Amino acid sequence: MAFTRTASGLNNQHLFYNVDFIVFVEGGQSFTKQEIDQGHFNEMSIDIIFWTAIFNTYKPAKYKFKAVGSKSAVKKVAEDIINNNLTTVFTAMDQEFDMVLSSNLIHPNIKYTYGYSWENDIWNEEVICDIISRLSAINTQKGTISPHINRFLRDIKFSVYSDAYLFSKGLSYFPRPGHMRLFLVNPALAPELNRSELTLLKNTLPVSKSTIYSYGSKKSIQVRRNCYGHLFGDYCKNLVKFLLRTLYNLNGISDEIIRRLALSNYIVHFSDEIRNYYQTSLQ
């Protein structure tokens with residue numbers, strides 16, 4: 001299919017699929033803008049699962065979702081939406097620090113996650129309780145989860161501030177990829193941050209700690225919202241596995257199954273702030 005070569009072709013693409021809107025998202029194999037214009041896309045990605053629930057809940061209609069790989073690829077389509085005021089095409093992507101830096105693209109058909117990525121939006125104490133209860137068939141209390149999450153958020157705060165600061169300079173603080181080295185994962189212990197690795201990262205900072213804290217405060221960085229999404233999501237998945245082992249002697253549950261369970265029921269566990277964000281964004 002090559003009918004996306006022109007703006008009018010892209011705006012009429014929904015007719016080919018007999019839907020109201022086309023939604024371009026991240027995930028899967030990454031395509032160049034030329035390949036996207038020629039009709040290349042991935043039929044499935046985790047991002048499609050997330051955004052399908054968001055759009056169907058807060059803006060019910062008939063959609064065709066297309067995953068085109070990287071965020072930069074999605075942004076190329078978003079630029080087409082702005083330049084040609086396309087009305088039947090949406091893009092939906094991770095925020096990262098775009099809103100913190102006021103670098104997000106503004107158009108009614110360009111959508112961003114509330115947090116750094118969809119992982120930040122779906123993972124919370126209620127979702128973790130729900131997953132553990134569904135896998136164990138035993139009701140699990142939120143109080144079992146909260147101390148672990150609170151400790152993680154407290155211990156990662158300076159690193160999140162540092163990540164935001166370096167991101168504003170076109171750099172990265174957390175290793176991408178390679179973030180799992182920041183964890184100590186022991187089957188007998190709750191997952192925790194590797195303080196030695198965090199210290200090594202801290203020693204690479206080109207500015208003082210006071211500069212980092214000042215930047216984080218000035219920009220109102222929220223740790224849960226602005227933490228690197230893969231880092232937060234992987235912590236939560238490992239916490240689920242730890243609690244299943246220690247509370248119910250359940251082993252061998254894969255990360256992918258845990259992630260899919262989180263994605264299957266996350267909207268009912270949204271905080272009021274996140275729910276209001278998506279309701280307003282998709283009005």
# chains A, B, ... in the order shown; residues from 1 in each chain; ligands from 1
>>> residues_around(residues="Leu15 (chain A)", least_positions_apart="5", cutoff="12 Å", atoms="only C-alpha atoms", output="PyMOL selection string")
chain A and resi 3+8-10+20-22+62-64+88-89
>>> write_last_selection(atoms="all heavy atoms", output="mmCIF file, in the first residue's frame")
data_model
loop_
_atom_site.group_PDB
_atom_site.id
_atom_site.type_symbol
_atom_site.label_atom_id
_atom_site.label_comp_id
_atom_site.auth_asym_id
_atom_site.auth_seq_id
_atom_site.Cartn_x
_atom_site.Cartn_y
_atom_site.Cartn_z
ATOM 1 N N PHE A 3 -0.600 4.446 -0.420
ATOM 2 C CA PHE A 3 -1.478 5.610 -0.456
ATOM 3 C C PHE A 3 -1.177 6.637 0.623
ATOM 4 O O PHE A 3 -1.889 7.589 0.786
ATOM 5 C CB PHE A 3 -2.951 5.216 -0.379
ATOM 6 C CG PHE A 3 -3.312 4.243 0.713
ATOM 7 C CD1 PHE A 3 -2.864 4.412 2.006
ATOM 8 C CD2 PHE A 3 -4.110 3.154 0.422
ATOM 9 C CE1 PHE A 3 -3.213 3.521 2.995
ATOM 10 C CE2 PHE A 3 -4.468 2.262 1.410
ATOM 11 C CZ PHE A 3 -4.026 2.436 2.689
ATOM 12 N N SER A 8 -3.140 13.931 1.747
ATOM 13 C CA SER A 8 -4.525 13.521 1.530
ATOM 14 C C SER A 8 -4.653 12.006 1.587
ATOM 15 O O SER A 8 -5.650 11.467 2.078
ATOM 16 C CB SER A 8 -5.025 14.045 0.175
ATOM 17 O OG SER A 8 -4.265 13.505 -0.887
ATOM 18 N N GLY A 9 -3.623 11.312 1.081
ATOM 19 C CA GLY A 9 -3.646 9.853 1.155
ATOM 20 C C GLY A 9 -3.633 9.367 2.589
ATOM 21 O O GLY A 9 -4.359 8.444 2.949
ATOM 22 N N LEU A 10 -2.809 9.998 3.415
ATOM 23 C CA LEU A 10 -2.756 9.629 4.820
ATOM 24 C C LEU A 10 -4.077 9.928 5.512
ATOM 25 O O LEU A 10 -4.577 9.128 6.315
ATOM 26 C CB LEU A 10 -1.612 10.397 5.502
ATOM 27 C CG LEU A 10 -1.334 10.063 6.972
ATOM 28 C CD1 LEU A 10 -1.013 8.585 7.145
ATOM 29 C CD2 LEU A 10 -0.175 10.910 7.490
ATOM 30 N N ASP A 20 -12.717 4.743 11.772
ATOM 31 C CA ASP A 20 -12.833 6.200 11.908
ATOM 32 C C ASP A 20 -11.482 6.891 11.924
ATOM 33 O O ASP A 20 -11.339 8.008 11.419
ATOM 34 C CB ASP A 20 -13.590 6.537 13.198
ATOM 35 C CG ASP A 20 -14.979 5.925 13.235
ATOM 36 O OD1 ASP A 20 -15.738 6.140 12.265
ATOM 37 O OD2 ASP A 20 -15.296 5.243 14.231
ATOM 38 N N PHE A 21 -10.482 6.214 12.539
ATOM 39 C CA PHE A 21 -9.173 6.837 12.709
ATOM 40 C C PHE A 21 -8.052 5.811 12.576
ATOM 41 O O PHE A 21 -8.227 4.638 12.934
ATOM 42 C CB PHE A 21 -9.049 7.491 14.094
ATOM 43 C CG PHE A 21 -10.110 8.509 14.400
ATOM 44 C CD1 PHE A 21 -11.196 8.189 15.202
ATOM 45 C CD2 PHE A 21 -10.021 9.801 13.900
ATOM 46 C CE1 PHE A 21 -12.177 9.124 15.494
ATOM 47 C CE2 PHE A 21 -10.992 10.740 14.180
ATOM 48 C CZ PHE A 21 -12.072 10.405 14.977
ATOM 49 N N ILE A 22 -6.899 6.274 12.100
ATOM 50 C CA ILE A 22 -5.660 5.517 12.147
ATOM 51 C C ILE A 22 -4.829 6.076 13.296
ATOM 52 O O ILE A 22 -4.745 7.299 13.472
ATOM 53 C CB ILE A 22 -4.857 5.656 10.836
ATOM 54 C CG1 ILE A 22 -5.716 5.265 9.631
ATOM 55 C CG2 ILE A 22 -3.581 4.822 10.906
ATOM 56 C CD1 ILE A 22 -6.093 3.800 9.574
ATOM 57 N N LYS A 62 -13.953 3.510 16.002
ATOM 58 C CA LYS A 62 -13.310 2.398 15.302
ATOM 59 C C LYS A 62 -11.906 2.842 14.898
ATOM 60 O O LYS A 62 -11.742 3.848 14.204
ATOM 61 C CB LYS A 62 -14.129 1.997 14.075
ATOM 62 C CG LYS A 62 -15.480 1.409 14.406
ATOM 63 C CD LYS A 62 -16.321 1.182 13.149
ATOM 64 C CE LYS A 62 -15.696 0.136 12.259
ATOM 65 N NZ LYS A 62 -16.547 -0.122 11.053
ATOM 66 N N TYR A 63 -10.893 2.061 15.342
ATOM 67 C CA TYR A 63 -9.503 2.444 15.120
ATOM 68 C C TYR A 63 -8.731 1.340 14.408
ATOM 69 O O TYR A 63 -9.011 0.150 14.582
ATOM 70 C CB TYR A 63 -8.796 2.713 16.450
ATOM 71 C CG TYR A 63 -9.352 3.869 17.230
ATOM 72 C CD1 TYR A 63 -10.236 3.656 18.295
ATOM 73 C CD2 TYR A 63 -8.988 5.177 16.940
ATOM 74 C CE1 TYR A 63 -10.748 4.707 19.032
ATOM 75 C CE2 TYR A 63 -9.498 6.241 17.669
ATOM 76 C CZ TYR A 63 -10.373 6.001 18.720
ATOM 77 O OH TYR A 63 -10.869 7.056 19.447
ATOM 78 N N LYS A 64 -7.728 1.753 13.658
ATOM 79 C CA LYS A 64 -6.691 0.866 13.168
ATOM 80 C C LYS A 64 -5.376 1.357 13.754
ATOM 81 O O LYS A 64 -4.966 2.489 13.512
ATOM 82 C CB LYS A 64 -6.615 0.895 11.636
ATOM 83 C CG LYS A 64 -5.421 0.133 11.050
ATOM 84 C CD LYS A 64 -5.517 -1.357 11.323
ATOM 85 C CE LYS A 64 -4.344 -2.101 10.701
ATOM 86 N NZ LYS A 64 -4.399 -3.566 10.978
ATOM 87 N N THR A 88 -8.029 12.613 10.624
ATOM 88 C CA THR A 88 -8.391 11.207 10.818
ATOM 89 C C THR A 88 -7.195 10.360 11.236
ATOM 90 O O THR A 88 -7.270 9.136 11.244
ATOM 91 C CB THR A 88 -8.985 10.613 9.523
ATOM 92 O OG1 THR A 88 -7.984 10.616 8.501
ATOM 93 C CG2 THR A 88 -10.199 11.403 9.076
ATOM 94 N N VAL A 89 -6.115 11.028 11.576
ATOM 95 C CA VAL A 89 -4.887 10.339 11.986
ATOM 96 C C VAL A 89 -4.476 10.829 13.375
ATOM 97 O O VAL A 89 -4.480 12.032 13.644
ATOM 98 C CB VAL A 89 -3.732 10.601 10.991
ATOM 99 C CG1 VAL A 89 -2.472 9.864 11.437
ATOM 100 C CG2 VAL A 89 -4.131 10.183 9.586
#
>>> residues_around(residues="region 157-160 of chain A", least_positions_apart="4", cutoff="12 Å", atoms="only C-alpha atoms", output="MDAnalysis selection string")
chainID A and resid 96:97 116 150:153 164:167 172:175 182 193 195 197:205 208:217 219:229 231:232
>>> write_last_selection(atoms="C-alpha atoms", output="short mmCIF file (atom, residue, chain, number, x, y, z; two decimals), in the first residue's frame")
data_model
loop_
_atom_site.label_atom_id
_atom_site.label_comp_id
_atom_site.auth_asym_id
_atom_site.auth_seq_id
_atom_site.Cartn_x
_atom_site.Cartn_y
_atom_site.Cartn_z
CA GLU A 96 9.72 10.80 28.30
CA PHE A 97 10.60 14.36 29.43
CA TYR A 116 7.64 8.84 31.17
CA ASN A 150 8.00 3.55 48.62
CA ARG A 151 11.55 2.38 49.27
CA PHE A 152 12.29 2.11 45.56
CA LEU A 153 10.89 5.58 44.85
CA ALA A 164 15.94 14.56 33.74
CA TYR A 165 18.83 17.02 33.98
CA LEU A 166 21.05 15.15 31.53
CA PHE A 167 18.11 14.54 29.19
CA SER A 172 21.27 10.03 29.32
CA TYR A 173 21.94 9.10 32.93
CA PHE A 174 20.43 5.63 33.14
CA PRO A 175 22.02 3.01 30.87
CA LEU A 182 21.08 -1.26 38.50
CA LEU A 193 18.69 -1.10 43.73
CA ARG A 195 23.91 1.00 45.33
CA GLU A 197 26.18 0.88 40.40
CA LEU A 198 24.22 3.97 41.39
CA THR A 199 27.33 5.39 43.03
CA LEU A 200 29.32 4.80 39.84
CA LEU A 201 26.65 6.65 37.87
CA LYS A 202 26.61 9.49 40.37
CA ASN A 203 30.37 9.88 40.00
CA THR A 204 29.98 10.52 36.27
CA LEU A 205 27.78 13.58 36.77
CA SER A 208 27.11 19.09 41.67
CA LYS A 209 24.42 17.31 43.67
CA SER A 210 22.93 20.67 44.60
CA THR A 211 22.51 21.52 40.92
CA ILE A 212 20.69 18.23 40.36
CA TYR A 213 18.37 18.70 43.33
CA SER A 214 17.70 22.30 42.34
CA TYR A 215 16.82 21.24 38.79
CA GLY A 216 14.52 18.45 39.96
CA SER A 217 12.70 20.79 42.32
CA LYS A 219 11.02 21.32 37.13
CA SER A 220 8.67 19.59 39.60
CA ILE A 221 10.07 16.17 38.71
CA GLN A 222 7.88 13.41 40.15
CA VAL A 223 9.78 10.19 40.75
CA ARG A 224 6.96 7.74 40.01
CA ARG A 225 5.86 9.71 36.95
CA ASN A 226 9.26 10.60 35.52
CA CYS A 227 11.38 7.53 36.29
CA TYR A 228 12.77 5.76 33.22
CA GLY A 229 9.85 3.50 32.37
CA LEU A 231 13.47 0.64 35.08
CA PHE A 232 10.24 1.16 37.02
#
>>> residues_around(residues="Thr246 (chain A)", least_positions_apart="3", cutoff="10 Å", atoms="only C-alpha atoms", output="ChimeraX atom specification")
/A:187-190,241-243,249-251
>>> atom_distance(atom1="CA of Ser30 (chain A)", atom2="CA of Ser162 (chain A)")
28.4 Å
>>> residues_around(residues="Lys75 (chain A)", least_positions_apart="3", cutoff="10 Å", atoms="only C-alpha atoms", output="PyMOL selection string")
chain A and resi 24-26+33+70-72+78-81+91-93+104-105+110
>>> write_last_selection(atoms="C-alpha atoms", output="PDB file, in the first residue's frame")
ATOM      1  CA  PHE A  24       0.395   5.399  14.855  1.00  0.00           C
ATOM      2  CA  VAL A  25       2.236   4.195  17.962  1.00  0.00           C
ATOM      3  CA  GLU A  26       5.653   2.926  18.989  1.00  0.00           C
ATOM      4  CA  LYS A  33       9.455   7.815   7.266  1.00  0.00           C
ATOM      5  CA  SER A  70      10.817   4.170  17.502  1.00  0.00           C
ATOM      6  CA  LYS A  71       9.411   7.335  18.992  1.00  0.00           C
ATOM      7  CA  SER A  72      11.288   9.343  16.358  1.00  0.00           C
ATOM      8  CA  ALA A  78       2.998  13.705  14.171  1.00  0.00           C
ATOM      9  CA  GLU A  79       4.756  16.418  12.171  1.00  0.00           C
ATOM     10  CA  ASP A  80       2.603  15.478   9.178  1.00  0.00           C
ATOM     11  CA  ILE A  81      -0.491  15.872  11.368  1.00  0.00           C
ATOM     12  CA  THR A  91      -0.162   9.558  17.015  1.00  0.00           C
ATOM     13  CA  ALA A  92       0.357   8.263  20.552  1.00  0.00           C
ATOM     14  CA  MET A  93       3.783   7.998  22.149  1.00  0.00           C
ATOM     15  CA  ASN A 104       5.993  18.149  23.241  1.00  0.00           C
ATOM     16  CA  LEU A 105       4.229  18.595  19.909  1.00  0.00           C
ATOM     17  CA  ILE A 110      -1.063  14.028  19.088  1.00  0.00           C
TER      18      ILE A 110
END
>>> select_by_dssp(residues="region 27-66 of chain A", states="helix (DSSP H, G or I)", output="ChimeraX atom specification")
/A:33-37,46-58
>>> residues_around(residues="Ile131 (chain A)", least_positions_apart="5", cutoff="8 Å", atoms="only C-alpha atoms", output="PyMOL selection string")
chain A and resi 240+258+261-262
>>> select_by_dssp(residues="region 58-240 of chain A", states="strand (DSSP E or B)", output="PyMOL selection string")
chain A and resi 63-67+69+89-93+110-112+183-184+192-193
>>> write_last_selection(atoms="C-alpha atoms", output="PDB file, in the first residue's frame")
ATOM      1  CA  TYR A  63      -9.503   2.444  15.120  1.00  0.00           C
ATOM      2  CA  LYS A  64      -6.691   0.866  13.168  1.00  0.00           C
ATOM      3  CA  PHE A  65      -3.478   0.872  15.200  1.00  0.00           C
ATOM      4  CA  LYS A  66      -0.100   0.810  13.464  1.00  0.00           C
ATOM      5  CA  ALA A  67       3.160   0.322  15.341  1.00  0.00           C
ATOM      6  CA  GLY A  69       8.969   1.282  15.913  1.00  0.00           C
ATOM      7  CA  VAL A  89      -4.887  10.339  11.986  1.00  0.00           C
ATOM      8  CA  PHE A  90      -3.597  10.173  15.580  1.00  0.00           C
ATOM      9  CA  THR A  91      -0.162   9.558  17.015  1.00  0.00           C
ATOM     10  CA  ALA A  92       0.357   8.263  20.552  1.00  0.00           C
ATOM     11  CA  MET A  93       3.783   7.998  22.149  1.00  0.00           C
ATOM     12  CA  ILE A 110      -1.063  14.028  19.088  1.00  0.00           C
ATOM     13  CA  LYS A 111      -1.207  12.121  22.382  1.00  0.00           C
ATOM     14  CA  TYR A 112       1.386  11.363  25.041  1.00  0.00           C
ATOM     15  CA  PHE A 183      19.171  -4.024  40.333  1.00  0.00           C
ATOM     16  CA  LEU A 184      20.201  -6.689  42.817  1.00  0.00           C
ATOM     17  CA  GLU A 192      16.497  -3.645  45.394  1.00  0.00           C
ATOM     18  CA  LEU A 193      18.688  -1.097  43.730  1.00  0.00           C
TER      19      LEU A 193
END
>>> closest_residue(among="A:Val268, A:Leu263, A:Ile253, A:Leu282", to="Ile46 (chain A)", atoms="only C-alpha atoms")
A:Leu263
>>> decode(residues="region 71-85 of chain A", atoms="N, CA, C and O atoms", output="tab-separated table (two decimals), in the first residue's frame")
chain	number	residue	atom	x	y	z
A	71	LYS	N	10.14	6.09	18.76
A	71	LYS	CA	9.41	7.34	18.99
A	71	LYS	C	9.71	8.35	17.90
A	71	LYS	O	8.81	9.10	17.48
A	72	SER	N	10.94	8.39	17.42
A	72	SER	CA	11.29	9.34	16.36
A	72	SER	C	10.48	9.08	15.10
A	72	SER	O	10.11	10.02	14.38
A	73	ALA	N	10.18	7.80	14.82
A	73	ALA	CA	9.35	7.47	13.65
A	73	ALA	C	7.92	7.98	13.85
A	73	ALA	O	7.32	8.54	12.93
A	74	VAL	N	7.38	7.80	15.06
A	74	VAL	CA	6.03	8.29	15.35
A	74	VAL	C	5.99	9.81	15.24
A	74	VAL	O	5.02	10.40	14.73
A	75	LYS	N	7.04	10.48	15.69
A	75	LYS	CA	7.09	11.94	15.65
A	75	LYS	C	7.07	12.46	14.21
A	75	LYS	O	6.55	13.56	13.95
A	76	LYS	N	7.62	11.71	13.29
A	76	LYS	CA	7.58	12.13	11.88
A	76	LYS	C	6.13	12.17	11.39
A	76	LYS	O	5.75	13.09	10.65
A	77	VAL	N	5.34	11.19	11.80
A	77	VAL	CA	3.91	11.20	11.44
A	77	VAL	C	3.22	12.35	12.16
A	77	VAL	O	2.36	13.03	11.58
A	78	ALA	N	3.59	12.59	13.42
A	78	ALA	CA	3.00	13.71	14.17
A	78	ALA	C	3.26	15.03	13.47
A	78	ALA	O	2.39	15.92	13.44
A	79	GLU	N	4.44	15.19	12.91
A	79	GLU	CA	4.76	16.42	12.17
A	79	GLU	C	3.87	16.56	10.94
A	79	GLU	O	3.45	17.67	10.59
A	80	ASP	N	3.56	15.44	10.30
A	80	ASP	CA	2.60	15.48	9.18
A	80	ASP	C	1.23	15.95	9.66
A	80	ASP	O	0.55	16.71	8.97
A	81	ILE	N	0.81	15.47	10.82
A	81	ILE	CA	-0.49	15.87	11.37
A	81	ILE	C	-0.53	17.38	11.56
A	81	ILE	O	-1.50	18.05	11.20
A	82	ILE	N	0.55	17.93	12.12
A	82	ILE	CA	0.60	19.38	12.37
A	82	ILE	C	0.67	20.16	11.06
A	82	ILE	O	-0.10	21.11	10.84
A	83	ASN	N	1.56	19.75	10.18
A	83	ASN	CA	1.80	20.52	8.95
A	83	ASN	C	0.61	20.51	8.01
A	83	ASN	O	0.39	21.47	7.25
A	84	ASN	N	-0.17	19.42	8.07
A	84	ASN	CA	-1.29	19.29	7.13
A	84	ASN	C	-2.65	19.25	7.83
A	84	ASN	O	-3.67	19.02	7.19
A	85	ASN	N	-2.64	19.49	9.16
A	85	ASN	CA	-3.87	19.48	9.97
A	85	ASN	C	-4.73	18.26	9.67
A	85	ASN	O	-5.93	18.38	9.36
